[in-house]
>>> print(open('upload07.cif').read())   # mmCIF, C-alpha atoms
data_input
#
loop_
_atom_site.label_atom_id
_atom_site.label_comp_id
_atom_site.auth_asym_id
_atom_site.auth_seq_id
_atom_site.Cartn_x
_atom_site.Cartn_y
_atom_site.Cartn_z
CA MET A 1449 0.00 0.00 0.00
CA GLY A 1450 1.45 3.39 -1.00
CA PHE A 1451 1.98 6.38 1.24
CA ARG A 1452 -1.10 8.46 2.05
CA LEU A 1453 -0.34 12.19 2.45
CA GLU A 1454 -2.15 13.27 5.61
CA GLY A 1455 -0.85 15.77 8.15
CA PRO A 1456 -1.72 15.68 11.87
CA VAL A 1457 -2.19 18.76 14.06
CA LEU A 1458 1.26 20.27 14.64
CA GLU A 1459 1.60 22.55 17.65
CA GLY A 1460 4.41 24.84 18.72
CA GLU A 1461 4.78 27.73 21.15
CA LEU A 1462 3.68 30.40 18.65
CA VAL A 1463 1.55 28.60 16.11
CA ARG A 1464 -0.76 25.62 15.81
CA LEU A 1465 -1.18 24.05 12.38
CA GLU A 1466 -4.66 22.58 12.01
CA PRO A 1467 -5.83 20.52 9.02
CA LEU A 1468 -7.93 22.80 6.82
CA GLY A 1469 -11.70 22.51 7.10
CA ARG A 1470 -14.70 24.46 5.86
CA HIS A 1471 -15.22 25.80 9.37
CA HIS A 1472 -12.03 27.86 8.90
CA ALA A 1473 -13.58 29.98 6.12
CA ALA A 1474 -14.40 33.06 8.18
CA GLY A 1475 -11.01 33.10 9.88
CA LEU A 1476 -9.15 32.74 6.59
CA ALA A 1477 -11.21 35.49 4.99
CA ALA A 1478 -10.52 37.90 7.85
CA ALA A 1479 -6.80 37.12 7.77
CA ALA A 1480 -6.54 37.53 4.00
CA GLU A 1481 -8.33 40.88 3.96
CA GLU A 1482 -6.17 42.62 6.60
CA ASP A 1483 -3.72 44.08 4.08
CA ARG A 1484 -3.12 42.46 0.71
CA THR A 1485 -0.09 44.45 -0.41
CA SER A 1486 2.36 41.57 0.20
CA TYR A 1487 0.37 39.01 -1.82
CA ARG A 1488 1.37 40.01 -5.36
CA PHE A 1489 3.14 36.73 -6.13
CA THR A 1490 1.00 34.39 -4.00
CA TRP A 1491 -2.39 32.68 -4.27
CA VAL A 1492 -4.39 34.11 -1.36
CA PRO A 1493 -8.21 33.98 -1.29
CA THR A 1494 -10.42 37.00 -0.86
CA ALA A 1495 -13.50 37.04 1.34
CA GLU A 1496 -15.55 36.35 -1.81
CA THR A 1497 -13.41 33.43 -3.02
CA VAL A 1498 -12.50 31.73 0.25
CA ASP A 1499 -15.11 28.99 -0.09
CA ALA A 1500 -13.84 28.08 -3.57
CA TYR A 1501 -10.25 28.20 -2.26
CA ILE A 1502 -11.12 25.71 0.49
CA ASP A 1503 -13.00 23.45 -1.95
CA THR A 1504 -9.99 23.39 -4.28
CA GLN A 1505 -7.55 22.53 -1.51
CA LEU A 1506 -9.82 19.88 0.00
CA GLY A 1507 -10.27 18.36 -3.47
CA ARG A 1508 -6.49 18.10 -3.84
CA ALA A 1509 -6.32 16.57 -0.37
CA ALA A 1510 -8.95 13.97 -1.28
CA ALA A 1511 -6.84 13.03 -4.30
CA GLY A 1512 -3.79 12.52 -2.06
CA ARG A 1513 -1.86 15.43 -3.57
CA LEU A 1514 -2.03 17.87 -0.65
CA ALA A 1515 -2.22 18.07 3.14
CA PRO A 1516 -3.54 21.61 3.74
CA TYR A 1517 -3.28 23.50 7.01
CA VAL A 1518 -4.48 26.72 8.56
CA GLN A 1519 -2.04 28.59 10.77
CA VAL A 1520 -3.51 29.59 14.14
CA ASP A 1521 -1.80 32.19 16.33
CA ARG A 1522 -1.67 30.51 19.73
CA ALA A 1523 -1.59 33.80 21.61
CA SER A 1524 -4.88 35.06 20.16
CA GLY A 1525 -6.49 31.89 18.84
CA ARG A 1526 -7.02 33.60 15.48
CA VAL A 1527 -6.53 31.97 12.09
CA VAL A 1528 -3.67 33.94 10.53
CA GLY A 1529 -2.90 32.09 7.31
CA ALA A 1530 -2.40 28.80 5.53
CA THR A 1531 0.32 26.39 4.46
CA SER A 1532 0.49 22.84 3.10
CA TYR A 1533 2.42 19.74 2.36
CA TRP A 1534 2.24 19.29 -1.41
CA ASP A 1535 3.42 17.09 -4.27
CA PRO A 1536 4.35 13.89 -2.37
CA ARG A 1537 6.87 11.68 -4.16
CA PRO A 1538 7.29 8.03 -3.12
CA TRP A 1539 10.45 5.99 -3.02
CA PRO A 1540 11.15 4.04 -6.25
CA ASP A 1541 9.58 0.89 -4.77
CA GLY A 1542 6.37 2.84 -4.15
CA GLU A 1543 6.49 2.43 -0.38
CA GLY A 1544 6.95 5.37 1.97
CA LEU A 1545 7.60 9.01 1.18
CA CYS A 1546 10.85 10.08 -0.47
CA ALA A 1547 10.17 13.82 -0.80
CA VAL A 1548 7.47 16.42 -0.25
CA GLU A 1549 7.06 20.14 -0.88
CA ILE A 1550 5.98 22.81 1.60
CA GLY A 1551 3.91 25.37 -0.25
CA PHE A 1552 0.70 27.36 -0.60
CA THR A 1553 1.96 29.44 2.33
CA TRP A 1554 0.65 32.87 3.26
CA LEU A 1555 0.20 34.89 6.43
CA ALA A 1556 -1.99 37.80 7.45
CA ALA A 1557 -0.13 41.11 7.53
CA SER A 1558 -0.34 41.23 11.33
CA ALA A 1559 1.34 37.80 11.62
CA GLN A 1560 4.25 38.55 9.31
CA GLY A 1561 7.56 39.07 11.10
CA THR A 1562 6.27 37.57 14.36
CA GLY A 1563 8.13 34.26 14.24
CA ILE A 1564 5.03 32.30 13.23
CA ASN A 1565 6.38 31.51 9.76
CA THR A 1566 9.68 30.33 11.24
CA GLU A 1567 8.02 27.99 13.71
CA ALA A 1568 5.52 26.71 11.13
CA LYS A 1569 8.39 25.74 8.82
CA TYR A 1570 10.15 24.09 11.77
CA LEU A 1571 7.08 22.00 12.63
CA LEU A 1572 6.55 20.95 9.02
CA PHE A 1573 10.23 20.12 8.45
CA ARG A 1574 10.44 18.18 11.71
CA HIS A 1575 7.40 16.04 10.97
CA ALA A 1576 8.55 15.34 7.40
CA PHE A 1577 12.11 14.38 8.35
CA GLU A 1578 11.52 12.68 11.70
CA GLU A 1579 8.13 10.99 11.25
CA TRP A 1580 7.92 10.39 7.51
CA GLU A 1581 11.72 10.07 7.16
CA VAL A 1582 11.83 11.87 3.84
CA ALA A 1583 15.07 12.38 1.92
CA ARG A 1584 14.28 16.00 1.05
CA VAL A 1585 11.76 18.80 1.48
CA ASP A 1586 11.20 21.18 -1.44
CA LEU A 1587 10.17 24.82 -1.43
CA LYS A 1588 9.62 27.10 -4.42
CA THR A 1589 8.45 30.61 -5.14
CA ASP A 1590 8.13 33.08 -7.99
CA ALA A 1591 11.72 33.96 -8.88
CA ARG A 1592 10.80 37.66 -8.57
CA ASN A 1593 9.58 37.26 -4.98
CA GLY A 1594 12.62 38.45 -3.05
CA ARG A 1595 10.79 38.46 0.28
CA SER A 1596 9.80 34.81 -0.02
CA ARG A 1597 13.24 33.78 -1.25
CA ALA A 1598 14.88 35.49 1.74
CA ALA A 1599 12.49 33.73 4.14
CA MET A 1600 13.30 30.34 2.63
CA GLU A 1601 17.02 30.94 2.95
CA ALA A 1602 16.56 32.17 6.53
CA ALA A 1603 14.72 28.92 7.31
CA GLY A 1604 17.81 26.98 6.29
CA ALA A 1605 16.77 25.93 2.79
CA ARG A 1606 19.41 25.88 0.06
CA PHE A 1607 18.84 27.66 -3.26
CA GLU A 1608 19.06 25.19 -6.16
CA GLY A 1609 18.38 27.41 -9.15
CA VAL A 1610 15.57 28.84 -11.26
CA LEU A 1611 13.28 26.70 -13.40
CA ARG A 1612 12.06 28.79 -16.29
CA ASN A 1613 8.36 28.83 -17.25
CA TRP A 1614 7.75 26.31 -14.48
CA SER A 1615 4.30 27.09 -13.07
CA GLY A 1616 1.37 29.45 -13.37
CA SER A 1617 1.81 33.07 -12.33
CA TRP A 1618 -0.36 34.57 -9.58
CA VAL A 1619 0.59 38.16 -10.46
CA PRO A 1620 -2.45 40.27 -11.41
CA GLY A 1621 -2.51 40.79 -15.16
CA GLU A 1622 -0.48 37.63 -15.81
CA GLU A 1623 -3.40 35.22 -15.80
CA GLY A 1624 -2.65 32.20 -18.00
CA ARG A 1625 1.07 32.98 -18.16
CA LEU A 1626 3.91 30.96 -16.69
CA ARG A 1627 6.40 32.21 -14.13
CA ASP A 1628 10.01 31.32 -13.44
CA SER A 1629 10.26 29.44 -10.11
CA ALA A 1630 13.16 29.73 -7.67
CA MET A 1631 13.77 26.28 -6.19
CA PHE A 1632 14.99 25.58 -2.65
CA SER A 1633 15.39 22.42 -0.59
CA VAL A 1634 16.56 20.88 2.65
CA VAL A 1635 17.89 17.31 2.44
CA ALA A 1636 17.99 14.82 5.30
CA ALA A 1637 21.72 15.24 5.95
CA GLU A 1638 21.19 18.98 6.41
CA TRP A 1639 18.22 18.67 8.75
CA PRO A 1640 20.15 18.53 12.08
CA ASP A 1641 21.91 21.84 11.39
CA CYS A 1642 18.74 23.35 9.94
CA ARG A 1643 16.79 22.22 13.02
CA ALA A 1644 19.33 23.76 15.39
CA GLY A 1645 19.22 27.07 13.53
CA LEU A 1646 15.43 27.21 13.54
CA GLU A 1647 15.26 26.31 17.22
CA GLN A 1648 17.68 29.14 18.04
CA ARG A 1649 15.57 31.62 16.06
CA ILE A 1650 12.38 30.46 17.78
CA ALA A 1651 14.03 30.68 21.21
CA ARG A 1652 15.10 34.28 20.54
CA THR A 1653 11.55 35.18 19.51
CA LEU A 1654 10.13 33.58 22.66
CA GLU A 1655 12.65 35.44 24.83
CA ARG A 1656 11.62 38.75 23.28
CA ARG A 1657 7.99 37.90 23.98
CA GLY A 1658 8.77 36.91 27.55
CA HIS A 1659 7.81 33.26 27.13
CA ARG A 1660 11.06 32.14 28.70
#
>>> encode(input="upload07.cif", output="structure tokens")
Amino acid sequence: MGFRLEGPVLEGELVRLEPLGRHHAAGLAAAAEEDRTSYRFTWVPTAETVDAYIDTQLGRAAAGRLAPYVQVDRASGRVVGATSYWDPRPWPDGEGLCAVEIGFTWLAASAQGTGINTEAKYLLFRHAFEEWEVARVDLKTDARNGRSRAAMEAAGARFEGVLRNWSGSWVPGEEGRLRDSAMFSVVAAEWPDCRAGLEQRIARTLERRGHR
């Protein structure tokens, strides 16, 4: 029997990742509408399209292609964004998971720069490497998205290059066009150092907040 891509609840000090459900619609809509200026390169629903967004992601999940999450700020209990495991790739013998991507990630403006993204990546990396025992985790973004590229590098992912005309663009006015995608990854041998770096960053954030 092949691997089934399903993600459990993942909980940290700053963020709780909950499997996406239709009951999250109002929270996602409120988060997405705070300030949309940072979403130029990213698929983020509006209040009007959030139900269709959830249906699309749940359809991908039912097909085994996606394990979608909402990001919940533990301090306030508010939904502040979304992220996912995506594009699972099995080992050559078809058993177990060789690699998976972390993608479809966005955060409300008020949650950006708070450490939530860092801890969410940590939780997702840790589960993939330590529970699923993957060989690599992929990340990609529009090659023009300098903010996202910097965040991936800060999380410990290594830049692998740009794949030209790789996937659909989310930039307004570029509907139906392809974008160049900047590719990043963490491989299993790098995970211990990556984990230590992320844990140090999270600890510094918690100290600033007075958690420790």
>>> residues_around(input="upload07.cif", residues="Gly1544 in chain A", least_positions_apart="4", cutoff="8 Å", atoms="all atoms listed in the file", output="list in words")
Gly1450, Phe1451, Pro1538, Trp1539 and Trp1580 of chain A
>>> resolve_selection(input="upload07.cif", expression="the PyMOL selection byres ((chain A and resi 1555-1568) around 7)", output="NGL selection string")
:A and (1460 or 1462-1463 or 1479-1480 or 1482-1483 or 1528-1530 or 1554 or 1569-1572 or 1603 or 1646 or 1650 or 1653)
>>> write_last_selection(input="upload07.cif", atoms="C-alpha atoms", output="PDB file, in the frame of the given file")
ATOM      1  CA  GLY A1460       4.410  24.840  18.720  1.00  0.00           C
ATOM      2  CA  LEU A1462       3.680  30.400  18.650  1.00  0.00           C
ATOM      3  CA  VAL A1463       1.550  28.600  16.110  1.00  0.00           C
ATOM      4  CA  ALA A1479      -6.800  37.120   7.770  1.00  0.00           C
ATOM      5  CA  ALA A1480      -6.540  37.530   4.000  1.00  0.00           C
ATOM      6  CA  GLU A1482      -6.170  42.620   6.600  1.00  0.00           C
ATOM      7  CA  ASP A1483      -3.720  44.080   4.080  1.00  0.00           C
ATOM      8  CA  VAL A1528      -3.670  33.940  10.530  1.00  0.00           C
ATOM      9  CA  GLY A1529      -2.900  32.090   7.310  1.00  0.00           C
ATOM     10  CA  ALA A1530      -2.400  28.800   5.530  1.00  0.00           C
ATOM     11  CA  TRP A1554       0.650  32.870   3.260  1.00  0.00           C
ATOM     12  CA  LYS A1569       8.390  25.740   8.820  1.00  0.00           C
ATOM     13  CA  TYR A1570      10.150  24.090  11.770  1.00  0.00           C
ATOM     14  CA  LEU A1571       7.080  22.000  12.630  1.00  0.00           C
ATOM     15  CA  LEU A1572       6.550  20.950   9.020  1.00  0.00           C
ATOM     16  CA  ALA A1603      14.720  28.920   7.310  1.00  0.00           C
ATOM     17  CA  LEU A1646      15.430  27.210  13.540  1.00  0.00           C
ATOM     18  CA  ILE A1650      12.380  30.460  17.780  1.00  0.00           C
ATOM     19  CA  THR A1653      11.550  35.180  19.510  1.00  0.00           C
TER      20      THR A1653
END
>>> residues_near_point(input="upload07.cif", point="(7.4, 11.6, 7.2)", cutoff="9 Å", atoms="all atoms listed in the file", output="ChimeraX atom specification")
/A:1544-1548,1574-1582
>>> closest_residue(input="upload07.cif", among="A:Arg1470, A:Arg1488, A:Arg1464, A:Lys1588", to="Ser1524 in chain A", atoms="all atoms listed in the file")
A:Arg1464
>>> resolve_selection(input="upload07.cif", expression="the PyMOL selection byres ((chain A and resi 1534) around 7)", output="PyMOL selection string")
chain A and resi 1513-1515+1532-1533+1535-1536+1548-1551
>>> write_last_selection(input="upload07.cif", atoms="C-alpha atoms", output="compact mmCIF listing (two decimals), keeping the file's coordinate frame")
# COMPACT_ATOMS: atom_id res chain seq x y z
CA ARG A 1513 -1.86 15.43 -3.57
CA LEU A 1514 -2.03 17.87 -0.65
CA ALA A 1515 -2.22 18.07 3.14
CA SER A 1532 0.49 22.84 3.10
CA TYR A 1533 2.42 19.74 2.36
CA ASP A 1535 3.42 17.09 -4.27
CA PRO A 1536 4.35 13.89 -2.37
CA VAL A 1548 7.47 16.42 -0.25
CA GLU A 1549 7.06 20.14 -0.88
CA ILE A 1550 5.98 22.81 1.60
CA GLY A 1551 3.91 25.37 -0.25
>>> resolve_selection(input="upload07.cif", expression="the PyMOL selection byres ((chain A and resi 1606-1623) around 9)", output="PDB file with C-alpha atoms, keeping the file's coordinate frame")
ATOM      1  CA  TYR A1487       0.370  39.010  -1.820  1.00  0.00           C
ATOM      2  CA  ARG A1488       1.370  40.010  -5.360  1.00  0.00           C
ATOM      3  CA  PHE A1489       3.140  36.730  -6.130  1.00  0.00           C
ATOM      4  CA  THR A1490       1.000  34.390  -4.000  1.00  0.00           C
ATOM      5  CA  TRP A1491      -2.390  32.680  -4.270  1.00  0.00           C
ATOM      6  CA  ASP A1590       8.130  33.080  -7.990  1.00  0.00           C
ATOM      7  CA  ALA A1591      11.720  33.960  -8.880  1.00  0.00           C
ATOM      8  CA  ARG A1597      13.240  33.780  -1.250  1.00  0.00           C
ATOM      9  CA  MET A1600      13.300  30.340   2.630  1.00  0.00           C
ATOM     10  CA  GLU A1601      17.020  30.940   2.950  1.00  0.00           C
ATOM     11  CA  GLY A1604      17.810  26.980   6.290  1.00  0.00           C
ATOM     12  CA  ALA A1605      16.770  25.930   2.790  1.00  0.00           C
ATOM     13  CA  GLY A1624      -2.650  32.200 -18.000  1.00  0.00           C
ATOM     14  CA  ARG A1625       1.070  32.980 -18.160  1.00  0.00           C
ATOM     15  CA  LEU A1626       3.910  30.960 -16.690  1.00  0.00           C
ATOM     16  CA  ARG A1627       6.400  32.210 -14.130  1.00  0.00           C
ATOM     17  CA  ASP A1628      10.010  31.320 -13.440  1.00  0.00           C
ATOM     18  CA  SER A1629      10.260  29.440 -10.110  1.00  0.00           C
ATOM     19  CA  ALA A1630      13.160  29.730  -7.670  1.00  0.00           C
ATOM     20  CA  MET A1631      13.770  26.280  -6.190  1.00  0.00           C
ATOM     21  CA  PHE A1632      14.990  25.580  -2.650  1.00  0.00           C
ATOM     22  CA  SER A1633      15.390  22.420  -0.590  1.00  0.00           C
ATOM     23  CA  VAL A1634      16.560  20.880   2.650  1.00  0.00           C
TER      24      VAL A1634
END
>>> closest_residue(input="upload07.cif", among="A:Arg1656, A:Arg1595, A:Arg1508, A:Arg1584", to="Trp1639 in chain A", atoms="all atoms listed in the file")
A:Arg1584
>>> atom_distance(input="upload07.cif", atom1="CA of Thr1494 in chain A", atom2="CA of Leu1453 in chain A")
27.0 Å
>>> atom_distance(input="upload07.cif", atom1="CA of Asp1641 in chain A", atom2="CA of Arg1522 in chain A")
26.5 Å
